[in-house]
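To keep things clear, I will list the structure first and then write my remarks on it.
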Amino acid sequence: MSPPGRPKGESPSAQREGRTTSPPSRPKGEHLSAQREGSPVSPVPGLDLSKPISGPAYSRGYRIGASVVLVLIAVQAWRALDEMAPLLNAQAGWVLGAGAAVLLGSYALLLRSTTVIDATGLRQTGLIDKKIAWNEIRQARLRGFGFARRLVVSTGYGKFRAFYGGTPQLQAAFAAIAARHAQVRPI
């Protein structure tokens, strides 16, 4: 049983420092009672997370730009190989082939990567899968411009993660998250 004056589940140090275990956007206890009832609670006011918001991580413009760069690299590599073919040995061929495989693999992951925003937090698949829970977010800001907008999230542990959103729905959710977490929250 908790001592008088302290809500259940709150440590004495958290009470002295003014921290609580429930998210600051809701009155104490609302989050827990809603979870018990089975109803989804959005950690961001104005953002309905009863259904996950998901879509491609990179916008169409970003993917087209990556495709153009890949084609330019392939054309230049073909021209260079055509001139240097007599000078190359088998080992150089293996190294160039491995480089091409890495480039094509990362390009394929860029095209297939997705971002998901749900009641548990943010997730993005890709070359490096990223995941962050709502309670870990200390600050969030929108960065970039045009088709390369991203949500940069910082935790209280010194980690920064950038999440890309390639659809208007993801961009709107990013704006709501950034507005909610614009101020630095205490750890």
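Residues are named by chain letter and number: chains run A, B, ... in the order of the structure tokens, numbers start at 1 in each chain, and ligands are numbered from 1 in the order shown.
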(request) Determine, counting only C-alpha atoms, which protein, DNA and RNA residues have an atom within 8 Å of an atom of Glu136 (chain A); residues of the same chain fewer than 2 positions away are not included. Present the result as a list in words. (result) Ile132, Ala133, Trp134, Arg138, Thr155 and Gly156 of chain A
Write the residues you've just listed into a file as a short mmCIF file (atom, residue, chain, number, x, y, z; two decimals), in the first residue's frame, and include all heavy atoms for each of them.
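For reference, selection_7.cif as written:
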data_model
loop_
_atom_site.label_atom_id
_atom_site.label_comp_id
_atom_site.auth_asym_id
_atom_site.auth_seq_id
_atom_site.Cartn_x
_atom_site.Cartn_y
_atom_site.Cartn_z
N ILE A 132 10.93 3.19 -30.96
CA ILE A 132 10.97 3.97 -29.74
C ILE A 132 9.57 3.98 -29.14
O ILE A 132 8.57 4.14 -29.84
CB ILE A 132 11.50 5.40 -29.98
CG1 ILE A 132 11.74 6.13 -28.67
CG2 ILE A 132 10.58 6.20 -30.87
CD1 ILE A 132 12.59 7.37 -28.82
N ALA A 133 9.49 3.75 -27.84
CA ALA A 133 8.21 3.75 -27.13
C ALA A 133 7.85 5.18 -26.75
O ALA A 133 8.72 6.05 -26.64
CB ALA A 133 8.30 2.88 -25.88
N TRP A 134 6.56 5.44 -26.55
CA TRP A 134 6.10 6.79 -26.22
C TRP A 134 6.75 7.31 -24.95
O TRP A 134 7.10 8.49 -24.87
CB TRP A 134 4.58 6.82 -26.08
CG TRP A 134 3.87 6.61 -27.37
CD1 TRP A 134 3.07 5.55 -27.70
CD2 TRP A 134 3.89 7.46 -28.52
NE1 TRP A 134 2.60 5.69 -28.98
CE2 TRP A 134 3.09 6.86 -29.51
CE3 TRP A 134 4.51 8.66 -28.82
CZ2 TRP A 134 2.89 7.42 -30.76
CZ3 TRP A 134 4.32 9.23 -30.07
CH2 TRP A 134 3.51 8.60 -31.02
N ARG A 138 11.71 12.21 -25.17
CA ARG A 138 11.92 13.40 -24.34
C ARG A 138 11.63 14.65 -25.15
O ARG A 138 11.10 15.63 -24.64
CB ARG A 138 13.36 13.42 -23.84
CG ARG A 138 13.64 14.58 -22.94
CD ARG A 138 14.97 14.41 -22.26
NE ARG A 138 15.23 15.58 -21.43
CZ ARG A 138 16.38 16.18 -21.37
NH1 ARG A 138 17.39 15.72 -22.06
NH2 ARG A 138 16.54 17.23 -20.61
N THR A 155 15.79 10.90 -26.77
CA THR A 155 15.40 10.26 -25.51
C THR A 155 16.18 10.92 -24.39
O THR A 155 17.07 11.72 -24.63
CB THR A 155 15.71 8.76 -25.54
OG1 THR A 155 17.13 8.60 -25.59
CG2 THR A 155 15.06 8.06 -26.70
N GLY A 156 15.88 10.58 -23.19
CA GLY A 156 16.63 11.09 -22.07
C GLY A 156 17.97 10.42 -21.89
O GLY A 156 18.72 10.72 -20.98
#
(request) For Tyr157 (chain A), please output as number ranges by chain all residues within 12 Å (counting only C-alpha atoms; exclusion window: fewer than 2 positions along the same chain). (result) A: 136-139, 153-155, 159-161, 186-187
(message) I need the residues of region 54-170 of chain A that end up classed as strand (DSSP E) by DSSP on the backbone, written out as a PyMOL selection string.
(response) chain A and resi 54-56+114-118+121-124+130-133+137-143+150-155+160-164
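Residues in contact with Asp129 (chain A) at up to 10 Å, not including ones fewer than 3 positions away on its chain and judged by only C-alpha atoms, are A:Ser113, A:Thr114, A:Thr115, A:Arg123, A:Gln124, A:Thr125, A:Gly126.
Between Gly121 (chain A) and the residues A:Tyr107, A:Trp78, A:Gly46, A:Phe163, the shortest atom-to-atom distance, using only C-alpha atoms, involves A:Phe163.
Residues in contact with region 143-152 of chain A at up to 8 Å, not including ones fewer than 4 positions away on its chain and judged by only C-alpha atoms, are Tyr58, Ser59, Arg60, Gly61, Tyr62, Phe160, Arg161, Ala162, Phe163, Tyr164, Gly165, Gly166, Gln171, Phe174 and Ala178 of chain A.
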(message) Measuring between only C-alpha atoms, which one of A:Ala175, A:Ile117, A:Leu70, A:Ala85 shows the shortest distance to Ala57 (chain A)?
(response) A:Ile117
(message) I need the residue nearest Ser67 (chain A) from this list: A:Asn135, A:Ser106, A:Gln183, A:Thr120. Use only C-alpha atoms for the distance.
(response) A:Ser106
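Between CA of Val44 (chain A) and CA of Arg180 (chain A) lies a distance of 6.4 Å.
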